[in-house]
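Colleague: Following this line is final_12.txt, made up of compact mmCIF, C-alpha atoms:
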```txt
# COMPACT_ATOMS: atom_id res chain seq x y z
CA MET A 1 107.00 2.02 5.60
CA ASN A 2 103.92 1.56 7.79
CA GLN A 3 106.26 1.71 10.76
CA LEU A 4 106.60 5.46 10.17
CA PRO A 5 105.23 7.19 13.30
CA PRO A 6 101.78 8.79 12.74
CA ASP A 7 103.08 12.31 13.38
CA GLN A 8 105.63 11.90 10.60
CA TRP A 9 102.91 10.82 8.19
CA LEU A 10 100.87 13.85 9.19
CA HIS A 11 103.88 16.11 8.82
CA ARG A 12 104.63 14.86 5.31
CA ILE A 13 101.07 15.42 4.18
CA GLN A 14 100.80 18.82 5.88
CA GLN A 15 103.92 19.90 4.01
CA GLY A 16 102.19 19.08 0.72
CA ASP A 17 104.30 16.00 0.01
CA GLU A 18 102.21 14.17 -2.61
CA THR A 19 104.57 11.19 -2.56
CA ALA A 20 103.09 10.49 0.88
CA LEU A 21 99.84 9.55 -0.91
CA GLN A 22 101.47 6.61 -2.72
CA ALA A 23 103.58 5.71 0.30
CA LEU A 24 100.44 5.49 2.45
CA TYR A 25 98.83 3.45 -0.29
CA ASP A 26 101.64 0.91 -0.40
CA ALA A 27 101.91 0.72 3.37
CA TYR A 28 98.30 -0.25 4.04
CA ARG A 29 96.93 -1.60 0.74
CA THR A 30 97.37 -5.34 1.27
CA PRO A 31 96.07 -5.59 4.86
CA PHE A 32 93.17 -3.23 4.11
CA ILE A 33 92.00 -5.25 1.13
CA ALA A 34 92.29 -8.52 3.06
CA TRP A 35 90.26 -6.93 5.89
CA ALA A 36 87.59 -5.59 3.52
CA LEU A 37 87.22 -8.93 1.74
CA ARG A 38 86.95 -10.80 5.03
CA HIS A 39 84.51 -8.51 6.81
CA PHE A 40 82.41 -7.09 3.98
CA LYS A 41 82.49 -9.92 1.44
CA CYS A 42 82.92 -7.40 -1.36
CA ALA A 43 84.63 -7.90 -4.71
CA GLU A 44 88.38 -7.26 -4.78
CA ALA A 45 87.94 -4.46 -7.33
CA ASP A 46 85.50 -2.74 -4.96
CA ALA A 47 87.90 -3.15 -2.05
CA ILE A 48 90.69 -1.55 -4.09
CA ASP A 49 88.42 1.29 -5.20
CA ILE A 50 87.28 1.95 -1.64
CA PHE A 51 90.84 1.82 -0.36
CA GLN A 52 91.88 4.47 -2.87
CA ASP A 53 89.01 6.71 -1.76
CA SER A 54 89.90 6.12 1.90
CA VAL A 55 93.49 7.20 1.36
CA ILE A 56 92.28 10.32 -0.42
CA VAL A 57 89.84 11.20 2.39
CA LEU A 58 92.59 10.73 4.97
CA TYR A 59 94.94 12.84 2.88
CA ARG A 60 92.31 15.58 2.50
CA ASN A 61 91.55 15.68 6.23
CA VAL A 62 95.20 16.17 7.03
CA ALA A 63 95.95 18.55 4.14
CA GLN A 64 93.01 20.78 5.03
CA GLY A 65 93.81 20.86 8.73
CA ARG A 66 90.81 18.87 9.96
CA LEU A 67 93.10 16.17 11.32
CA THR A 68 96.11 17.57 13.12
CA GLU A 69 96.79 14.82 15.63
CA LEU A 70 95.80 11.22 16.05
CA THR A 71 94.38 9.71 19.21
CA SER A 72 94.47 6.22 17.67
CA SER A 73 96.82 4.70 15.13
CA LEU A 74 96.84 5.87 11.54
CA LYS A 75 95.71 2.39 10.55
CA THR A 76 92.67 2.60 12.84
CA TYR A 77 91.72 5.98 11.38
CA LEU A 78 92.18 4.77 7.80
CA TYR A 79 90.13 1.64 8.47
CA ALA A 80 87.37 3.73 10.07
CA ILE A 81 87.09 5.79 6.90
CA GLY A 82 87.17 2.62 4.80
CA ARG A 83 84.51 1.02 6.94
CA ASN A 84 82.18 3.96 6.40
CA LEU A 85 82.77 3.93 2.66
CA LEU A 86 82.18 0.17 2.51
CA LEU A 87 78.98 0.49 4.53
CA LYS A 88 77.77 3.28 2.29
CA ARG A 89 78.47 1.17 -0.77
CA LEU A 90 76.63 -1.77 0.77
CA ARG A 91 73.65 0.45 1.49
CA ASP A 92 73.70 1.94 -2.00
CA HIS A 93 74.16 -1.29 -3.92
CA ARG A 94 72.27 -3.82 -1.86
CA PRO A 95 68.96 -2.20 -0.93
CA HIS A 96 67.54 -5.54 0.18
CA LEU A 97 69.98 -5.62 3.12
CA ASP A 98 68.55 -5.25 6.59
CA LEU A 99 69.90 -1.78 7.31
CA GLU A 100 69.15 -2.01 11.00
CA ALA A 101 71.49 -4.97 11.23
CA LEU A 102 74.39 -2.98 9.81
CA PRO A 103 76.57 -0.81 12.03
CA GLN A 104 75.70 2.86 11.80
CA LEU A 105 77.93 5.31 10.01
CA SER A 106 79.97 7.38 12.39
CA GLU A 107 80.68 11.09 12.11
CA LEU A 108 83.48 10.29 9.69
CA ALA A 109 80.69 9.64 7.22
CA LEU A 110 80.49 13.39 6.84
CA ASP A 111 83.79 13.17 5.00
CA LEU A 112 82.46 10.98 2.23
CA PRO A 113 83.03 12.40 -1.26
CA PRO A 114 80.08 14.70 -2.01
CA THR A 115 77.85 14.42 -5.04
CA LEU A 116 78.51 17.51 -7.16
CA THR A 117 75.80 19.89 -8.31
CA PRO A 118 75.87 20.84 -12.01
CA LEU A 119 77.54 24.15 -11.13
CA GLN A 120 80.18 22.40 -9.02
CA ALA A 121 80.79 19.86 -11.78
CA GLN A 122 81.24 22.77 -14.18
CA ALA A 123 83.72 24.33 -11.77
CA LYS A 124 85.58 21.05 -11.43
CA ALA A 125 85.92 20.76 -15.21
CA ALA A 126 87.17 24.35 -15.40
CA VAL A 127 89.79 23.68 -12.72
CA GLN A 128 90.90 20.55 -14.54
CA ARG A 129 91.47 22.60 -17.69
CA LEU A 130 93.77 25.03 -15.88
CA SER A 131 97.39 25.02 -16.91
CA GLU A 132 100.41 25.98 -14.81
CA PRO A 133 101.02 28.04 -12.79
CA CYS A 134 97.28 28.55 -12.14
CA ARG A 135 96.72 24.89 -11.33
CA SER A 136 99.38 24.87 -8.60
CA ILE A 137 98.41 28.25 -7.20
CA ILE A 138 94.71 27.44 -6.97
CA GLN A 139 95.44 24.07 -5.40
CA MET A 140 97.81 25.58 -2.84
CA VAL A 141 95.45 28.42 -1.94
CA TYR A 142 92.17 26.56 -1.78
CA TYR A 143 92.91 22.86 -1.26
CA ARG A 144 95.84 23.25 1.07
CA SER A 145 95.20 26.72 2.53
CA PHE A 146 98.89 27.56 2.19
CA SER A 147 99.80 31.16 3.00
CA MET A 148 100.91 33.55 0.26
CA GLU A 149 104.39 33.47 1.77
CA VAL A 150 104.63 29.68 1.48
CA ILE A 151 103.33 29.78 -2.09
CA LYS A 152 105.85 32.48 -2.97
CA GLU A 153 108.68 30.28 -1.73
CA ARG A 154 107.39 27.06 -3.28
CA LEU A 155 106.78 28.53 -6.72
CA GLY A 156 109.71 30.97 -6.69
CA TYR A 157 107.79 34.23 -6.97
CA LYS A 158 109.47 37.53 -6.20
CA ASN A 159 107.03 38.55 -3.47
CA GLU A 160 103.56 37.86 -2.10
CA THR A 161 101.96 40.68 -4.06
CA VAL A 162 102.89 38.93 -7.28
CA VAL A 163 101.35 35.71 -5.97
CA ARG A 164 98.12 37.54 -5.08
CA ALA A 165 97.95 39.13 -8.52
CA GLN A 166 98.55 35.80 -10.20
CA LYS A 167 95.90 34.11 -8.06
CA LYS A 168 93.43 36.85 -8.97
CA ARG A 169 94.08 36.30 -12.67
CA CYS A 170 93.60 32.57 -12.27
CA MET A 171 90.29 33.08 -10.46
CA GLN A 172 89.12 35.53 -13.14
CA TYR A 173 89.91 32.90 -15.74
CA LEU A 174 87.90 30.33 -13.82
CA ARG A 175 84.94 32.67 -13.39
CA LYS A 176 84.96 33.48 -17.06
CA ALA A 177 84.98 29.76 -17.83
CA LEU A 178 81.93 29.32 -15.58
CA GLU A 179 80.08 32.31 -17.06
CA ASN A 180 80.77 31.17 -20.60
CA ASN A 181 79.41 27.71 -19.90
CA PRO A 182 76.36 28.32 -17.73
CA THR A 183 74.65 25.20 -16.53
CA MET B 1 76.89 39.92 -10.60
CA SER B 2 78.50 42.70 -12.58
CA THR B 3 77.15 45.29 -10.10
CA LEU B 4 79.57 44.19 -7.41
CA THR B 5 82.75 46.09 -6.70
CA ASP B 6 86.11 44.39 -6.27
CA THR B 7 85.95 45.05 -2.52
CA GLN B 8 82.51 43.48 -2.25
CA ARG B 9 83.66 40.43 -4.20
CA ALA B 10 86.69 40.05 -1.96
CA GLN B 11 84.44 40.29 1.09
CA ILE B 12 82.06 37.62 -0.22
CA GLU B 13 84.98 35.34 -1.09
CA ALA B 14 86.46 35.77 2.39
CA TYR B 15 83.02 34.98 3.86
CA CYS B 16 82.71 31.78 1.83
CA GLU B 17 86.20 30.74 2.87
CA GLY B 18 85.44 31.36 6.54
CA LEU B 19 88.05 34.08 6.87
CA LEU B 20 85.89 36.91 8.24
CA PRO B 21 85.53 37.84 11.92
CA ALA B 22 82.15 36.85 13.36
CA ALA B 23 80.62 40.33 13.32
CA GLU B 24 81.59 41.01 9.73
CA ALA B 25 80.50 37.52 8.70
CA LEU B 26 77.07 38.22 10.17
CA GLN B 27 76.78 41.43 8.15
CA VAL B 28 77.70 39.62 4.96
CA ALA B 29 75.21 36.84 5.73
CA GLU B 30 72.43 39.42 6.10
CA ARG B 31 73.46 41.10 2.88
CA LEU B 32 73.48 37.77 1.05
CA ALA B 33 69.93 37.08 2.18
CA ASP B 34 68.76 40.46 0.86
CA ASN B 35 70.73 40.80 -2.33
CA PRO B 36 70.42 38.28 -5.20
CA ALA B 37 73.63 39.53 -6.84
CA TRP B 38 75.57 38.89 -3.66
CA MET B 39 73.97 35.48 -3.26
CA ALA B 40 74.71 34.50 -6.86
CA TYR B 41 78.35 35.50 -6.47
CA ALA B 42 78.65 33.55 -3.21
CA GLU B 43 77.14 30.48 -4.82
CA SER B 44 79.51 30.61 -7.76
CA HIS B 45 82.47 31.05 -5.41
CA ARG B 46 81.41 28.10 -3.28
CA ALA B 47 81.01 26.03 -6.43
CA LEU B 48 84.54 26.99 -7.42
CA LEU B 49 85.90 25.94 -4.04
CA GLN B 50 84.07 22.63 -4.30
CA GLY B 51 85.28 22.28 -7.88
CA VAL B 52 88.89 22.79 -6.76
CA ASP B 53 88.58 20.02 -4.15
CA ALA B 54 86.90 17.68 -6.63
CA ALA B 55 89.48 18.38 -9.36
CA VAL B 56 92.44 17.85 -7.03
CA GLU B 57 91.00 14.62 -5.71
CA ALA B 58 90.15 13.37 -9.20
CA ARG B 59 93.83 13.84 -10.03
CA PHE B 60 94.82 11.93 -6.85
CA LYS B 61 92.42 9.16 -7.76
CA ALA B 62 93.85 8.87 -11.28
CA ALA B 63 97.38 8.80 -9.82
CA LEU B 64 96.46 6.03 -7.39
CA GLN B 65 94.73 4.01 -10.11
CA ALA B 66 97.84 4.31 -12.30
CA HIS B 67 100.00 3.37 -9.32
CA GLU B 68 97.78 0.35 -8.63
CA SER B 69 98.10 -0.82 -12.23
CA ALA B 70 101.84 -0.25 -12.31
CA GLN B 71 102.83 -1.62 -8.90
CA HIS B 72 100.18 -4.04 -7.76
CA ARG B 73 98.73 -5.65 -10.87
CA PRO B 74 100.58 -8.14 -13.10
CA SER B 75 101.39 -6.91 -16.60
CA PRO B 76 99.98 -8.93 -19.54
CA ASP B 77 103.42 -10.54 -19.96
CA GLU B 78 103.54 -11.57 -16.34
CA ALA B 79 99.97 -12.83 -16.17
CA PRO B 80 100.47 -16.31 -17.73
CA ALA B 81 103.52 -16.94 -15.54
CA ARG B 82 101.57 -15.82 -12.48
CA ARG B 83 98.64 -17.99 -13.41
CA ALA B 84 100.97 -20.97 -13.82
CA ALA B 85 102.60 -20.25 -10.48
CA PHE B 86 99.17 -19.89 -8.89
CA ALA B 87 98.05 -23.22 -10.37
CA GLU B 88 101.21 -24.87 -9.03
CA ARG B 89 100.60 -23.43 -5.60
CA ARG B 90 97.00 -24.58 -5.73
CA ILE B 91 98.05 -28.15 -6.52
CA LEU B 92 100.58 -28.05 -3.69
CA GLY B 93 97.86 -26.65 -1.43
CA TRP B 94 95.51 -29.52 -2.29
CA LEU B 95 98.27 -32.08 -1.67
CA LEU B 96 99.02 -30.50 1.67
CA ALA B 97 95.34 -30.47 2.59
CA ILE B 98 95.00 -34.17 1.69
CA LEU B 99 98.07 -35.02 3.79
CA LEU B 100 96.68 -33.03 6.70
CA ALA B 101 93.31 -34.74 6.40
CA LEU B 102 94.98 -38.16 6.37
CA GLY B 103 97.06 -37.16 9.38
CA THR B 104 93.95 -36.07 11.25
CA ILE B 105 92.18 -39.33 10.46
CA VAL B 106 95.17 -41.36 11.69
CA ALA B 107 95.37 -39.24 14.85
CA LEU B 108 91.68 -39.74 15.55
CA TRP B 109 92.00 -43.45 15.05
CA TRP B 110 95.03 -43.47 17.32
CA ASN B 111 93.01 -41.79 20.04
CA ASN B 112 90.32 -44.45 19.75
CA ARG B 113 88.15 -42.08 17.80
CA THR B 114 87.58 -39.81 20.76
CA PRO B 115 86.72 -36.31 19.49
CA PRO B 116 89.27 -33.68 20.44
CA VAL B 117 88.41 -31.74 23.54
CA SER B 118 88.39 -27.97 23.13
CA PRO B 119 89.85 -26.00 25.99
CA PRO B 120 87.56 -23.20 27.19
CA ALA B 121 89.56 -20.47 25.44
CA VAL B 122 89.05 -22.19 22.09
CA ILE B 123 85.31 -22.56 22.69
CA PHE B 124 85.13 -18.90 23.67
CA ALA B 125 86.95 -17.87 20.50
CA GLU B 126 84.63 -20.03 18.38
CA TYR B 127 81.48 -18.48 19.80
CA PHE B 128 82.49 -14.93 20.54
CA THR B 129 81.53 -12.31 17.97
CA PRO B 130 81.89 -8.69 19.08
CA PRO B 131 78.40 -7.16 19.36
CA LEU B 132 77.63 -4.26 17.07
CA ASN B 133 76.99 -0.88 18.58
CA THR B 134 73.24 -0.63 18.95
CA TRP B 135 73.38 1.91 21.74
CA ILE B 136 74.65 5.22 20.37
CA VAL B 137 73.68 6.13 16.83
CA THR B 138 75.84 9.14 16.11
CA THR B 139 74.40 10.13 12.74
CA ARG B 140 70.74 10.10 13.67
CA GLY B 141 70.90 12.81 16.28
CA VAL B 142 69.94 10.67 19.25
CA ALA B 143 73.35 10.48 20.90
CA ASP B 144 72.73 11.50 24.50
CA THR B 145 76.07 13.05 25.29
CA ALA B 146 79.20 13.90 23.37
CA ALA B 147 81.21 11.68 25.71
CA SER B 148 79.12 8.60 25.01
CA ALA B 149 79.14 9.28 21.26
CA ARG B 150 82.89 9.66 21.35
CA ALA B 151 83.34 6.47 23.36
CA MET B 152 81.13 4.45 21.05
CA HIS B 153 82.86 5.88 18.02
CA LEU B 154 86.10 4.47 19.39
CA TYR B 155 84.30 1.18 19.93
CA ASP B 156 82.97 1.23 16.36
CA THR B 157 86.45 1.79 14.97
CA GLY B 158 87.84 -1.16 16.90
CA ASP B 159 90.01 0.89 19.25
CA PHE B 160 88.85 -1.06 22.30
CA GLU B 161 91.62 0.14 24.57
CA ALA B 162 90.72 3.81 24.09
CA ALA B 163 87.00 2.96 24.11
CA ALA B 164 87.40 1.22 27.48
CA VAL B 165 89.04 4.30 28.98
CA ALA B 166 86.22 6.51 27.69
CA LEU B 167 83.41 4.12 28.70
CA ALA B 168 84.80 3.68 32.21
CA LYS B 169 83.95 7.34 32.86
CA LEU B 170 80.27 6.84 32.00
CA ALA B 171 77.70 5.60 34.47
CA ALA B 172 74.99 4.41 32.06
CA PRO B 173 74.35 0.66 32.29
CA GLU B 174 74.87 0.35 28.52
CA ALA B 175 78.25 2.07 28.84
CA GLN B 176 79.27 -0.41 31.50
CA TRP B 177 78.14 -3.31 29.35
CA TYR B 178 80.11 -2.11 26.32
CA LEU B 179 83.06 -1.58 28.66
CA GLY B 180 82.68 -5.27 29.49
CA MET B 181 82.73 -6.05 25.76
CA CYS B 182 85.95 -4.04 25.36
CA LEU B 183 87.53 -5.94 28.23
CA LEU B 184 86.47 -9.27 26.72
CA GLN B 185 88.08 -8.30 23.45
CA MET B 186 91.25 -7.26 25.26
CA GLY B 187 91.34 -10.60 27.12
CA ASP B 188 90.61 -9.08 30.56
CA TYR B 189 87.95 -11.67 31.35
CA ARG B 190 88.17 -11.36 35.16
CA GLU B 191 87.51 -7.58 35.05
CA ALA B 192 84.67 -7.99 32.55
CA LEU B 193 82.69 -10.51 34.63
CA PRO B 194 81.17 -8.23 37.33
CA LEU B 195 80.08 -5.74 34.65
CA LEU B 196 78.33 -8.38 32.56
CA ARG B 197 76.84 -10.04 35.64
CA ALA B 198 75.35 -6.72 36.84
CA TYR B 199 73.91 -5.92 33.43
CA ARG B 200 72.38 -9.40 33.13
CA GLU B 201 70.75 -9.09 36.53
CA ALA B 202 69.33 -5.68 35.64
CA HIS B 203 68.13 -6.85 32.19
CA PRO B 204 66.92 -10.42 32.72
CA THR B 205 64.92 -10.51 29.47
CA GLU B 206 67.76 -9.54 27.12
CA ALA B 207 69.24 -12.56 25.34
CA GLU B 208 72.50 -10.76 24.58
CA ALA B 209 73.03 -9.97 28.26
CA HIS B 210 72.82 -13.68 29.06
CA TRP B 211 74.84 -14.80 26.04
CA TYR B 212 77.92 -12.66 26.66
CA PHE B 213 77.80 -13.39 30.38
CA VAL B 214 77.89 -17.10 29.57
CA LEU B 215 80.80 -16.59 27.14
CA ASN B 216 82.67 -14.63 29.80
CA LEU B 217 82.30 -17.59 32.18
CA VAL B 218 83.53 -19.92 29.43
CA ALA B 219 86.58 -17.74 28.86
CA LEU B 220 87.35 -17.97 32.58
CA GLY B 221 87.00 -21.78 32.50
CA GLU B 222 83.92 -21.67 34.77
CA ILE B 223 82.24 -24.39 32.76
CA GLU B 224 79.73 -25.62 35.30
CA GLU B 225 78.49 -22.11 36.07
CA ALA B 226 78.33 -21.36 32.36
CA ARG B 227 76.14 -24.41 31.77
CA GLN B 228 73.86 -23.43 34.62
CA ALA B 229 73.57 -19.92 33.22
CA LEU B 230 72.72 -21.37 29.82
CA GLU B 231 69.99 -23.52 31.31
CA SER B 232 68.54 -20.73 33.43
CA TYR B 233 67.34 -18.69 30.47
CA ALA B 234 64.62 -19.48 27.91
CA TRP B 235 66.52 -18.70 24.70
CA PRO B 236 64.30 -17.23 22.02
CA GLY B 237 64.18 -18.29 18.34
CA ALA B 238 67.48 -18.80 16.57
CA ALA B 239 69.43 -18.09 19.74
CA LYS B 240 68.20 -21.40 21.14
CA ALA B 241 70.06 -23.50 18.55
CA ARG B 242 73.23 -21.55 19.24
CA ALA B 243 72.83 -21.96 23.01
CA ASP B 244 72.11 -25.70 22.66
CA GLN B 245 75.22 -26.18 20.55
CA LEU B 246 77.34 -24.35 23.12
CA TRP B 247 75.79 -26.44 25.88
CA ARG B 248 76.77 -29.63 24.02
CA ASP B 249 80.31 -28.36 23.47
CA LEU B 250 80.59 -27.51 27.15
CA ALA B 251 79.25 -30.92 28.11
CA ARG B 252 82.33 -32.48 26.48
CA GLU B 253 84.60 -30.45 28.76
```
Please go through the file and, once you have read it, give me the structure as structure tokens.
Modeller:
Amino acid sequence: MNQLPPDQWLHRIQQGDETALQALYDAYRTPFIAWALRHFKCAEADAIDIFQDSVIVLYRNVAQGRLTELTSSLKTYLYAIGRNLLLKRLRDHRPHLDLEALPQLSELALDLPPTLTPLQAQAKAAVQRLSEPCRSIIQMVYYRSFSMEVIKERLGYKNETVVRAQKKRCMQYLRKALENNPT
Amino acid sequence: MSTLTDTQRAQIEAYCEGLLPAAEALQVAERLADNPAWMAYAESHRALLQGVDAAVEARFKAALQAHESAQHRPSPDEAPARRAAFAERRILGWLLAILLALGTIVALWWNNRTPPVSPPAVIFAEYFTPPLNTWIVTTRGVADTAASARAMHLYDTGDFEAAAVALAKLAAPEAQWYLGMCLLQMGDYREALPLLRAYREAHPTEAEAHWYFVLNLVALGEIEEARQALESYAWPGAAKARADQLWRDLARE
């Protein structure tokens, strides 16, 4: 599976193929964990947790159009994300470490999962409570930036105007949820 | 928030999503700064966007955790059998290790207890650890040029081939030294040597400049020159023990 050319991985993710997430996971899990254990001396559970986060960051960067082509191998890119996450965890959990001795975080560090504000956490909870078709529409519009035309085809709507109207209703529902549960 | 029209809301949403042309975006930004209702709506929309990302990724995380449990972790039924198999393998491993140890002892005795001689490449591999990037710190805002930051990012991620191409275009002495490090890690010892020699001559007080130059000589099998280079420098602190050990290993060559 990990022999799949990088552009085909990117294409699968760009098309919204969520099975690519698990396929990526299976392709690189074992070597990544062995690498993390060897170089960062972390617990296996931590290595697995970090690997899951790394796959998600990679997936997000491709899905949201921040990564459209690779200058290195997919493995190198994935390991670079993992390295940053591992370093961040080391810094967070072992404050006695000599930070100057550790490699610096690269610009990929900007892609680390953010800490949510109370309002954002409220919004996250509201999105998690959404049922279909709002959940799919909101995800396609805002997480994947799919066009109305693509969403119409994927979800089988009659035309794009109907999709827009449905999206508007979903957003009104979300706003109401936020206003009813102010932080 | 209720004072906003549908058009205004749509405009603020488009602004938050980065969909407005520059001129219109500037107008909205000015309006946001002046109008608390506009600002509050923008903040709630940004929170929603962030909430969408967080919710989607929480679902991905849960899916991967379930996948991990289902595909990569033994079930409770399998666990005892796996433990037994692991114990069996461990016993076999110990037996193998004991046999290997006995074999080594016999071989040493057979060779009249002469310690094995390491070829230079093995000594190089034993001592060589890729130096960390202490030149360009990309997250602290002191990177001098985008090109050097990019090159060192490639170096940091272990893509030495691409890093070498990028570093070769830079004239800074540090760039040339890290290019030498890339070449060492790619096994191009002959090409690395003039770079490391030049850096060492220009930075005679830097222990690392001497150390990697010596290792480069070792990799090339230039043992006598490597020993002379080791002796020519007053190694500071902990580096001295490491240098002495290498000197002893080279003396056996």
Colleague: Of the residues B:Lys240, B:His45, B:Arg248, B:Arg197, which is the one nearest to chain A, using all atoms listed in the file?
Modeller: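 Of the candidates, the smallest distance to chain A is held by B:His45.
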Colleague: As an exercise, work out the distance from atom CA of Glu191 of chain B to atom CA of Arg150 of chain B in Å and give it to one decimal place.
Modeller: 22.5 Å
Colleague: With 10 Å as the limit and counting all atoms listed in the file, what residues in chain B lie close to chain A? Please list them as a PDB file with C-alpha atoms, in the frame of the given file.
Modeller:
```
ATOM      1  CA  GLU B  17      86.200  30.740   2.870  1.00  0.00           C
ATOM      2  CA  TYR B  41      78.350  35.500  -6.470  1.00  0.00           C
ATOM      3  CA  GLU B  43      77.140  30.480  -4.820  1.00  0.00           C
ATOM      4  CA  SER B  44      79.510  30.610  -7.760  1.00  0.00           C
ATOM      5  CA  HIS B  45      82.470  31.050  -5.410  1.00  0.00           C
ATOM      6  CA  ARG B  46      81.410  28.100  -3.280  1.00  0.00           C
ATOM      7  CA  ALA B  47      81.010  26.030  -6.430  1.00  0.00           C
ATOM      8  CA  LEU B  48      84.540  26.990  -7.420  1.00  0.00           C
ATOM      9  CA  LEU B  49      85.900  25.940  -4.040  1.00  0.00           C
ATOM     10  CA  GLN B  50      84.070  22.630  -4.300  1.00  0.00           C
ATOM     11  CA  GLY B  51      85.280  22.280  -7.880  1.00  0.00           C
ATOM     12  CA  VAL B  52      88.890  22.790  -6.760  1.00  0.00           C
ATOM     13  CA  ASP B  53      88.580  20.020  -4.150  1.00  0.00           C
ATOM     14  CA  ALA B  54      86.900  17.680  -6.630  1.00  0.00           C
ATOM     15  CA  ALA B  55      89.480  18.380  -9.360  1.00  0.00           C
ATOM     16  CA  VAL B  56      92.440  17.850  -7.030  1.00  0.00           C
ATOM     17  CA  GLU B  57      91.000  14.620  -5.710  1.00  0.00           C
ATOM     18  CA  ALA B  58      90.150  13.370  -9.200  1.00  0.00           C
ATOM     19  CA  ARG B  59      93.830  13.840 -10.030  1.00  0.00           C
ATOM     20  CA  PHE B  60      94.820  11.930  -6.850  1.00  0.00           C
ATOM     21  CA  LYS B  61      92.420   9.160  -7.760  1.00  0.00           C
ATOM     22  CA  ALA B  62      93.850   8.870 -11.280  1.00  0.00           C
ATOM     23  CA  ALA B  63      97.380   8.800  -9.820  1.00  0.00           C
ATOM     24  CA  LEU B  64      96.460   6.030  -7.390  1.00  0.00           C
ATOM     25  CA  GLN B  65      94.730   4.010 -10.110  1.00  0.00           C
ATOM     26  CA  HIS B  67     100.000   3.370  -9.320  1.00  0.00           C
ATOM     27  CA  GLU B  68      97.780   0.350  -8.630  1.00  0.00           C
ATOM     28  CA  GLN B  71     102.830  -1.620  -8.900  1.00  0.00           C
ATOM     29  CA  HIS B  72     100.180  -4.040  -7.760  1.00  0.00           C
ATOM     30  CA  PRO B 131      78.400  -7.160  19.360  1.00  0.00           C
ATOM     31  CA  LEU B 132      77.630  -4.260  17.070  1.00  0.00           C
ATOM     32  CA  ASN B 133      76.990  -0.880  18.580  1.00  0.00           C
ATOM     33  CA  THR B 134      73.240  -0.630  18.950  1.00  0.00           C
ATOM     34  CA  ILE B 136      74.650   5.220  20.370  1.00  0.00           C
ATOM     35  CA  VAL B 137      73.680   6.130  16.830  1.00  0.00           C
ATOM     36  CA  THR B 138      75.840   9.140  16.110  1.00  0.00           C
ATOM     37  CA  THR B 139      74.400  10.130  12.740  1.00  0.00           C
ATOM     38  CA  ARG B 140      70.740  10.100  13.670  1.00  0.00           C
ATOM     39  CA  ALA B 149      79.140   9.280  21.260  1.00  0.00           C
ATOM     40  CA  ARG B 150      82.890   9.660  21.350  1.00  0.00           C
ATOM     41  CA  MET B 152      81.130   4.450  21.050  1.00  0.00           C
ATOM     42  CA  HIS B 153      82.860   5.880  18.020  1.00  0.00           C
ATOM     43  CA  LEU B 154      86.100   4.470  19.390  1.00  0.00           C
ATOM     44  CA  ASP B 156      82.970   1.230  16.360  1.00  0.00           C
ATOM     45  CA  THR B 157      86.450   1.790  14.970  1.00  0.00           C
ATOM     46  CA  GLY B 158      87.840  -1.160  16.900  1.00  0.00           C
ATOM     47  CA  ASP B 159      90.010   0.890  19.250  1.00  0.00           C
ATOM     48  CA  GLU B 161      91.620   0.140  24.570  1.00  0.00           C
ATOM     49  CA  ALA B 162      90.720   3.810  24.090  1.00  0.00           C
TER      50      ALA B 162
END
```
Colleague: Which residues come within 10 Å of segment 180-186 of chain B, counting only C-alpha atoms, excluding same-chain residues fewer than 2 positions away, as a count of residues only?
Modeller: 36
Colleague: Quick one: residues within 10 Å of Thr3 of chain B, only C-alpha atoms, excluding same-chain residues fewer than 5 positions away - as an MDAnalysis selection string?
Modeller: chainID B and resid 8 37:38
Colleague: Using only C-alpha atoms, find the one residue out of B:Trp109, B:Trp135, B:Trp94, B:Phe124 that sits nearest to Ala226 of chain B.
Modeller: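 Nearest candidate to Ala226 of chain B out of B:Trp109, B:Trp135, B:Trp94, B:Phe124: B:Phe124.
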Colleague: Using all atoms listed in the file, which residues sit within 10 Å of Glu224 of chain B once same-chain residues fewer than 4 positions away are excluded, as a short mmCIF file (atom, residue, chain, number, x, y, z; two decimals) with C-alpha atoms, keeping the file's coordinate frame?
Modeller:
```cif
data_model
loop_
_atom_site.label_atom_id
_atom_site.label_comp_id
_atom_site.auth_asym_id
_atom_site.auth_seq_id
_atom_site.Cartn_x
_atom_site.Cartn_y
_atom_site.Cartn_z
CA LEU B 217 82.30 -17.59 32.18
CA VAL B 218 83.53 -19.92 29.43
CA GLN B 228 73.86 -23.43 34.62
CA ALA B 229 73.57 -19.92 33.22
CA LEU B 230 72.72 -21.37 29.82
CA LEU B 250 80.59 -27.51 27.15
CA ALA B 251 79.25 -30.92 28.11
CA GLU B 253 84.60 -30.45 28.76
#
```
Colleague: If we count only C-alpha atoms and set the cut-off at 12 Å, which residues sit around Leu19 of chain B, ignoring sequence neighbours fewer than 6 positions away in its own chain? Please answer as a CSV table (one decimal) with C-alpha atoms, in the coordinates of the input.
Modeller:
```csv
chain,number,residue,atom,x,y,z
A,145,SER,CA,95.2,26.7,2.5
B,10,ALA,CA,86.7,40.0,-2.0
B,11,GLN,CA,84.4,40.3,1.1
B,12,ILE,CA,82.1,37.6,-0.2
B,13,GLU,CA,85.0,35.3,-1.1
B,25,ALA,CA,80.5,37.5,8.7
B,28,VAL,CA,77.7,39.6,5.0
```
